[in-house]
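The next block holds one structure in the form of structure tokens; read it before the comments.
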Amino acid sequence: MQRPTIQDGGRARGSAGPPVQALSLRKSYGDVVAVDGIDFSLRSGSVTALLGGNGAGKTTTIAMLMGLVIPTSGEARVFGIDMARERHKVLHRMNFESPYVGLPMRLTVRQNLEVFGRLYGVRDLKARIAGIAAELRLEDLLGREFGKLSAGQKTRVTLAKALINDPELLLLDEPTASLDPDTADWVRTKLETYCRVHGATVVLASHNMAEVERLAARVIMLEKGRIIADETPQELIRRFGRTTLEETFLAIARRGADEAELRP
Amino acid sequence: MSTLAGPRLHEQTGLAASARRIWSIVLRHWYVIRSSWPRTAELIYWPMVQMLTWGFLQTYLAQVTSFAGRAAGLFIGGVLLWDILVRSQLGFAIAFLEEVWSRNLGHLVMSPLRPAELVASLILVSLVKLTVAMVPVALMAWLFFSFNLLGLGAAFAAFFANLTIMSWCLGLVSAGVVLRWGLGAESFAWLVAFILLPLACVYYPVTTLPTWLQPVALALPPTYVFEGLRAIVLQGTFEVQLMAKALVLNLVYLALGAAAFAFFLRRAREHGSLVQMGE
């Protein structure tokens, strides 16, 4: 096992177990079970989509992987670390993006990236901001307040924030929600490139099935907090005799209540 | 995508790493303060209005009563010290609320910033805001009413320390309450300091209170500060033992405030309220 070093800020790619593990992971709020004892493990460098209708348990699962929610039982592990107890050991190796979590509105784009770059301890921060701004077409926006940007521009900025520390694990919650098709496609291309170049592991929650089909090599489908399917998008589509993941998702969502468990 | 490749990170543990993360949050709030003159004016506005009101009242009373004539500085000193407590608590609480209002708390909690570092940064931000608010107002008190707050010397340092420590205790509890119950509990953060106003005996001695209420007042560190101010203004003596009592009480409250914040943060993670937090 590669040990973390001072030079790399205590990070070492691929160290200490699978990037993500859910072990009998369960979360309930009173009588409501949000996640019901799920198990999965993600391979380093993989892109996995968490799918499911509203209330299926996707957001709660991601929140437990980030350590924002403490499981009722079981464990959410990231790089072998129990996120309920020792999350600070690995938080600098991961990052996340969600259109539902904002950045300080009155700060300029540059100031926001500077603040988060410092929080993550990024070396040579000026060069890093310049580089990431060039890659994500943010140069003209660096001096503008975040709150005055369009939805597409904000998404590019939050993506820059999510990549500022060169994360090994990226958690994406509907990364292209409310974007026009062109901008959404551009964001997906950037994410694909980032994952290919860096070998980053990605967990993606999305309602956009075309996006999932394009980005994810594996789909974990949740319903009422349980995993009902865990396979590649192509396998899932084939099994249901459909042509797209969108059709497959609808077929699963509308199936009869008495239908058998979908897990292969 | 070559320029996105591999930035090295600084060491993540140790004092230097903590200081860097704390500084990043202070910087975030400093950018907001310096970018908006209305915000700066807002910081100064209420302390200035309070000081002028009480200052003119004191000037009037000094003309009509011999006591007020002897006790010049009692009201002005009281209002300036009270504003140190209130502005410091609000500085702490509003800095925290700004993260909630901008829906940025999730990013911070998900970053390597530790809870103790967040608290330390909020304390520093409260000191910055307090300085921005109180320095001009203290100067005005000196110019308009010949009351020199810094002229209190070592006593002022003791008053300042005891009031700001108490304000951080209140800030910790109010931030914890918002963490747990969300913005529905925001008004608690705005009002909590004012619960102390009648009890801390800002403008009158503890003996003015009903006997049964006096132990409550004496359990509050600010009470000793305002008693100390009256001792200086009326008798010309600095009561060190009053400040020592306030400091001991403050340390107890600070420990309780930190425990409350940690408890509420834990409960927020159990209840999932961090995920939904925002406007």
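Chain labels A, B, ... are given in the sequence in which chains occur in the structure tokens; within each chain residues are numbered consecutively from 1, and ligands are likewise numbered from 1 in the order shown.
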
Chain B residues near chain A (7 Å cut-off, only C-alpha atoms) as a ChimeraX atom specification:
/B:1,3-4,6-12,20-21,24-25,28,31-32,102-104,106,110-113,269-272,274-275

Restrict the selected residues to C-alpha atoms and save them as a PDB file, in the first residue's frame.
ATOM      1  CA  MET B   1      -7.029  19.060 -20.000  1.00  0.00           C
ATOM      2  CA  THR B   3      -3.536  22.194 -16.812  1.00  0.00           C
ATOM      3  CA  LEU B   4      -5.984  20.423 -14.512  1.00  0.00           C
ATOM      4  CA  GLY B   6      -2.087  17.241 -10.274  1.00  0.00           C
ATOM      5  CA  PRO B   7      -1.680  20.291  -8.092  1.00  0.00           C
ATOM      6  CA  ARG B   8       0.242  19.297  -5.010  1.00  0.00           C
ATOM      7  CA  LEU B   9      -1.414  19.963  -1.716  1.00  0.00           C
ATOM      8  CA  HIS B  10       0.150  21.430   1.385  1.00  0.00           C
ATOM      9  CA  GLU B  11       0.411  19.327   4.530  1.00  0.00           C
ATOM     10  CA  GLN B  12      -3.098  18.769   5.897  1.00  0.00           C
ATOM     11  CA  ARG B  20      -4.252  28.304   6.654  1.00  0.00           C
ATOM     12  CA  ARG B  21      -7.807  26.976   6.747  1.00  0.00           C
ATOM     13  CA  SER B  24      -9.217  31.227   4.302  1.00  0.00           C
ATOM     14  CA  ILE B  25     -12.553  31.706   6.085  1.00  0.00           C
ATOM     15  CA  ARG B  28     -13.834  35.047   2.703  1.00  0.00           C
ATOM     16  CA  TYR B  31     -13.737  40.162   0.984  1.00  0.00           C
ATOM     17  CA  VAL B  32     -17.435  40.685   1.729  1.00  0.00           C
ATOM     18  CA  SER B 102     -25.480  31.536   0.608  1.00  0.00           C
ATOM     19  CA  ARG B 103     -26.006  27.730   0.863  1.00  0.00           C
ATOM     20  CA  ASN B 104     -22.238  27.453   1.244  1.00  0.00           C
ATOM     21  CA  GLY B 106     -22.316  22.183   2.672  1.00  0.00           C
ATOM     22  CA  MET B 110     -17.396  18.874   3.107  1.00  0.00           C
ATOM     23  CA  SER B 111     -14.005  20.616   2.941  1.00  0.00           C
ATOM     24  CA  PRO B 112     -11.022  19.807   5.182  1.00  0.00           C
ATOM     25  CA  LEU B 113     -12.084  22.645   7.516  1.00  0.00           C
ATOM     26  CA  ARG B 269     -25.475  15.098  11.185  1.00  0.00           C
ATOM     27  CA  GLU B 270     -27.802  12.537  12.733  1.00  0.00           C
ATOM     28  CA  HIS B 271     -30.936  14.337  11.563  1.00  0.00           C
ATOM     29  CA  GLY B 272     -29.590  15.158   8.114  1.00  0.00           C
ATOM     30  CA  LEU B 274     -26.878  19.843   7.108  1.00  0.00           C
ATOM     31  CA  VAL B 275     -28.021  18.513   3.746  1.00  0.00           C
TER      32      VAL B 275
END

Residue contacts of Ala185 (chain B) (12 Å, only C-alpha atoms) excluding same-chain residues fewer than 2 positions away, as a list in words
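Residues near the query, excluding close chain neighbours: Ala93, Leu97, Val173, Ser174, Ala175, Gly176, Val177, Val178, Leu179, Arg180, Trp181, Gly182, Leu183, Ser187, Phe188, Ala189, Trp190, Leu191, Val192 and Met277 of chain B.
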
Writing out the chosen residues with C-alpha atoms as a PDB file, in the first residue's frame:
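Listed below is the output, part-v1.pdb:
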ATOM      1  CA  ALA B  93     -23.534  34.652  14.441  1.00  0.00           C
ATOM      2  CA  LEU B  97     -25.530  32.712   9.031  1.00  0.00           C
ATOM      3  CA  VAL B 173     -24.956  28.366  21.090  1.00  0.00           C
ATOM      4  CA  SER B 174     -26.832  30.388  18.452  1.00  0.00           C
ATOM      5  CA  ALA B 175     -24.818  28.817  15.604  1.00  0.00           C
ATOM      6  CA  GLY B 176     -25.485  25.389  17.102  1.00  0.00           C
ATOM      7  CA  VAL B 177     -29.212  26.077  17.311  1.00  0.00           C
ATOM      8  CA  VAL B 178     -29.290  27.137  13.632  1.00  0.00           C
ATOM      9  CA  LEU B 179     -27.254  24.052  12.688  1.00  0.00           C
ATOM     10  CA  ARG B 180     -29.796  21.817  14.321  1.00  0.00           C
ATOM     11  CA  TRP B 181     -33.064  23.587  13.520  1.00  0.00           C
ATOM     12  CA  GLY B 182     -32.126  25.560  10.411  1.00  0.00           C
ATOM     13  CA  LEU B 183     -33.049  29.104   9.500  1.00  0.00           C
ATOM     14  CA  SER B 187     -34.132  34.901  15.166  1.00  0.00           C
ATOM     15  CA  PHE B 188     -32.566  33.210  18.183  1.00  0.00           C
ATOM     16  CA  ALA B 189     -29.145  34.265  16.877  1.00  0.00           C
ATOM     17  CA  TRP B 190     -30.313  37.871  16.529  1.00  0.00           C
ATOM     18  CA  LEU B 191     -31.967  38.110  19.924  1.00  0.00           C
ATOM     19  CA  VAL B 192     -30.001  35.922  22.312  1.00  0.00           C
ATOM     20  CA  MET B 277     -29.613  23.804   5.074  1.00  0.00           C
TER      21      MET B 277
END

Shell around Trp168 (chain B) at 10 Å using only C-alpha atoms, local window under 6 positions removed, as a VMD selection string
chain B and resid 85 88 to 93 119 to 120 122 to 123 126 174 250 253 to 254 257 to 258

Okay, now the selection with N, CA and C atoms, as a short mmCIF file (atom, residue, chain, number, x, y, z; two decimals), in the first residue's frame?
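part-v8.cif, written as the output of this step:
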data_model
loop_
_atom_site.label_atom_id
_atom_site.label_comp_id
_atom_site.auth_asym_id
_atom_site.auth_seq_id
_atom_site.Cartn_x
_atom_site.Cartn_y
_atom_site.Cartn_z
N LEU B 85 -20.28 43.65 23.50
CA LEU B 85 -20.87 42.31 23.65
C LEU B 85 -21.80 41.98 22.49
N SER B 88 -20.05 41.85 18.92
CA SER B 88 -19.17 40.68 18.80
C SER B 88 -20.01 39.41 18.61
N GLN B 89 -21.09 39.29 19.39
CA GLN B 89 -21.97 38.11 19.24
C GLN B 89 -22.62 38.09 17.86
N LEU B 90 -23.10 39.26 17.43
CA LEU B 90 -23.74 39.32 16.11
C LEU B 90 -22.71 39.07 15.00
N GLY B 91 -21.50 39.58 15.20
CA GLY B 91 -20.44 39.34 14.21
C GLY B 91 -20.18 37.86 14.03
N PHE B 92 -20.13 37.15 15.13
CA PHE B 92 -19.93 35.70 15.11
C PHE B 92 -21.13 35.01 14.43
N ALA B 93 -22.33 35.35 14.92
CA ALA B 93 -23.53 34.65 14.44
C ALA B 93 -23.81 34.96 12.98
N VAL B 119 -15.01 27.51 14.12
CA VAL B 119 -15.29 28.35 15.29
C VAL B 119 -14.21 29.41 15.45
N ALA B 120 -12.94 29.00 15.32
CA ALA B 120 -11.83 29.96 15.45
C ALA B 120 -11.95 31.06 14.40
N LEU B 122 -14.70 32.10 12.96
CA LEU B 122 -15.84 32.96 13.29
C LEU B 122 -15.47 33.95 14.40
N ILE B 123 -14.66 33.48 15.33
CA ILE B 123 -14.19 34.37 16.41
C ILE B 123 -13.35 35.51 15.81
N SER B 126 -15.52 37.92 14.00
CA SER B 126 -16.27 38.77 14.94
C SER B 126 -15.37 39.89 15.45
N SER B 174 -25.89 29.99 19.52
CA SER B 174 -26.83 30.39 18.45
C SER B 174 -26.49 29.69 17.14
N ASN B 250 -16.71 32.95 32.64
CA ASN B 250 -16.60 32.89 31.18
C ASN B 250 -15.99 31.57 30.70
N TYR B 253 -18.65 29.04 30.84
CA TYR B 253 -19.62 29.23 29.74
C TYR B 253 -19.00 28.87 28.39
N LEU B 254 -17.72 29.16 28.23
CA LEU B 254 -17.07 28.85 26.95
C LEU B 254 -17.04 27.33 26.74
N GLY B 257 -20.52 26.36 25.89
CA GLY B 257 -20.85 26.79 24.53
C GLY B 257 -20.23 25.86 23.50
N ALA B 258 -18.96 25.50 23.73
CA ALA B 258 -18.28 24.59 22.79
C ALA B 258 -18.97 23.22 22.80
#

I'd like to know which of B:Ile22, B:Val202, B:Ala72, B:Ala16 is closest to Ser121 (chain B), using only C-alpha atoms.
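Between B:Ile22, B:Val202, B:Ala72, B:Ala16, the residue approaching Ser121 (chain B) most closely is B:Ile22.
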
Residues at most 7 Å from region 194-201 of chain B, counting only C-alpha atoms, excluding those fewer than 3 positions away in the same chain, as a PDB file with N, CA and C atoms, in the first residue's frame?
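Produced file result-v3.pdb, reproduced below:
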ATOM      1  N   LEU B 191     -31.394  37.590  18.682  1.00  0.00           N
ATOM      2  CA  LEU B 191     -31.967  38.110  19.924  1.00  0.00           C
ATOM      3  C   LEU B 191     -31.281  37.627  21.195  1.00  0.00           C
ATOM      4  N   TYR B 204     -27.570  49.955  35.659  1.00  0.00           N
ATOM      5  CA  TYR B 204     -27.924  50.103  37.080  1.00  0.00           C
ATOM      6  C   TYR B 204     -27.211  49.011  37.883  1.00  0.00           C
ATOM      7  N   PRO B 205     -27.038  49.231  39.179  1.00  0.00           N
ATOM      8  CA  PRO B 205     -26.333  48.230  39.999  1.00  0.00           C
ATOM      9  C   PRO B 205     -27.171  46.961  40.194  1.00  0.00           C
ATOM     10  N   VAL B 206     -26.491  45.872  40.533  1.00  0.00           N
ATOM     11  CA  VAL B 206     -27.170  44.595  40.772  1.00  0.00           C
ATOM     12  C   VAL B 206     -28.205  44.731  41.881  1.00  0.00           C
ATOM     13  N   ALA B 217     -28.325  37.339  37.937  1.00  0.00           N
ATOM     14  CA  ALA B 217     -27.439  38.371  37.388  1.00  0.00           C
ATOM     15  C   ALA B 217     -25.981  38.065  37.714  1.00  0.00           C
ATOM     16  N   LEU B 220     -23.868  35.785  35.564  1.00  0.00           N
ATOM     17  CA  LEU B 220     -23.542  36.227  34.212  1.00  0.00           C
ATOM     18  C   LEU B 220     -22.262  37.070  34.221  1.00  0.00           C
ATOM     19  N   PRO B 222     -21.050  39.350  32.178  1.00  0.00           N
ATOM     20  CA  PRO B 222     -21.132  40.785  31.877  1.00  0.00           C
ATOM     21  C   PRO B 222     -21.529  41.632  33.090  1.00  0.00           C
ATOM     22  N   THR B 223     -22.296  41.051  34.019  1.00  0.00           N
ATOM     23  CA  THR B 223     -22.703  41.797  35.207  1.00  0.00           C
ATOM     24  C   THR B 223     -21.484  42.350  35.936  1.00  0.00           C
ATOM     25  N   PHE B 226     -19.985  45.404  34.128  1.00  0.00           N
ATOM     26  CA  PHE B 226     -20.689  46.675  34.314  1.00  0.00           C
ATOM     27  C   PHE B 226     -20.595  47.161  35.767  1.00  0.00           C
TER      28      PHE B 226
END

Please indicate the distance in Å from CA of Ala22 (chain A) to CA of Glu75 (chain A), rounded to one decimal place.
6.0 Å

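Residues in contact range of Glu192 (chain A), defined as at most 12 Å between only C-alpha atoms, with sequence neighbours fewer than 3 positions away removed, read Gly45, Ser46, Val47, Leu170, Asp185, Trp186, Val187, Arg188, Thr189, Cys195, Arg196, Val197, His198, Gly199, Ala200, Thr201, Val202, Glu211, Val212, Arg214, Leu215, Ala216 and Ala217 of chain A; Met1 of chain B.
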
Export of prior selection with C-alpha atoms as a compact mmCIF listing (two decimals), in the first residue's frame:
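Wrote result30.txt, looks like this:
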# COMPACT_ATOMS: atom_id res chain seq x y z
CA GLY A 45 -11.18 5.12 -11.49
CA SER A 46 -14.76 4.03 -12.09
CA VAL A 47 -17.79 6.21 -12.78
CA LEU A 170 -15.67 13.27 -7.06
CA ASP A 185 -22.79 18.51 -23.02
CA TRP A 186 -19.75 20.69 -22.47
CA VAL A 187 -19.76 19.92 -18.72
CA ARG A 188 -20.03 16.17 -19.43
CA THR A 189 -17.09 16.35 -21.81
CA CYS A 195 -11.78 11.19 -15.14
CA ARG A 196 -9.76 9.80 -18.04
CA VAL A 197 -6.70 11.94 -17.37
CA HIS A 198 -6.73 11.61 -13.57
CA GLY A 199 -8.20 8.20 -13.03
CA ALA A 200 -10.62 9.76 -10.58
CA THR A 201 -13.49 7.80 -9.09
CA VAL A 202 -16.87 9.41 -9.62
CA GLU A 211 -26.01 11.67 -19.07
CA VAL A 212 -25.78 8.49 -17.02
CA ARG A 214 -22.75 8.44 -21.46
CA LEU A 215 -20.70 8.87 -18.27
CA ALA A 216 -21.32 5.85 -16.08
CA ALA A 217 -19.91 2.36 -16.50
CA MET B 1 -7.03 19.06 -20.00

Can you pull out the residues contacting Val49 (chain B)? Cut-off 12 Å, using only C-alpha atoms, and skip same-chain residues under 2 positions away; I want them as a list in words.
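Once the nearby chain positions are removed, what remains is Ala41, Glu42, Leu43, Ile44, Tyr45, Trp46, Pro47, Met51, Leu52, Thr53, Trp54, Gly55, Phe56, Ile76, Val79, Leu80, Asp83, Ala133, Val137, Met140 and Ala141 of chain B.
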
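Of the listed residues (A:Leu171, A:Leu42, A:Leu179, A:Ala251), A:Leu179 comes nearest to Ser150 (chain A); the distances count only C-alpha atoms.
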
In Å, how far is it from CA of Ala49 (chain A) to CA of Ala205 (chain A)?
5.7 Å

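Of the residues listed (B:Trp37, B:Ala161, B:Leu249, B:Glu227), B:Glu227 shows the shortest atom-to-atom separation from Thr208 (chain B); distances use only C-alpha atoms.
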
So, with only C-alpha atoms as the atoms that count, which of A:Val109, A:Leu204, A:Val219, A:Leu138 lies closest to Glu235 (chain A)?
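Nearest to Glu235 (chain A): A:Val219.
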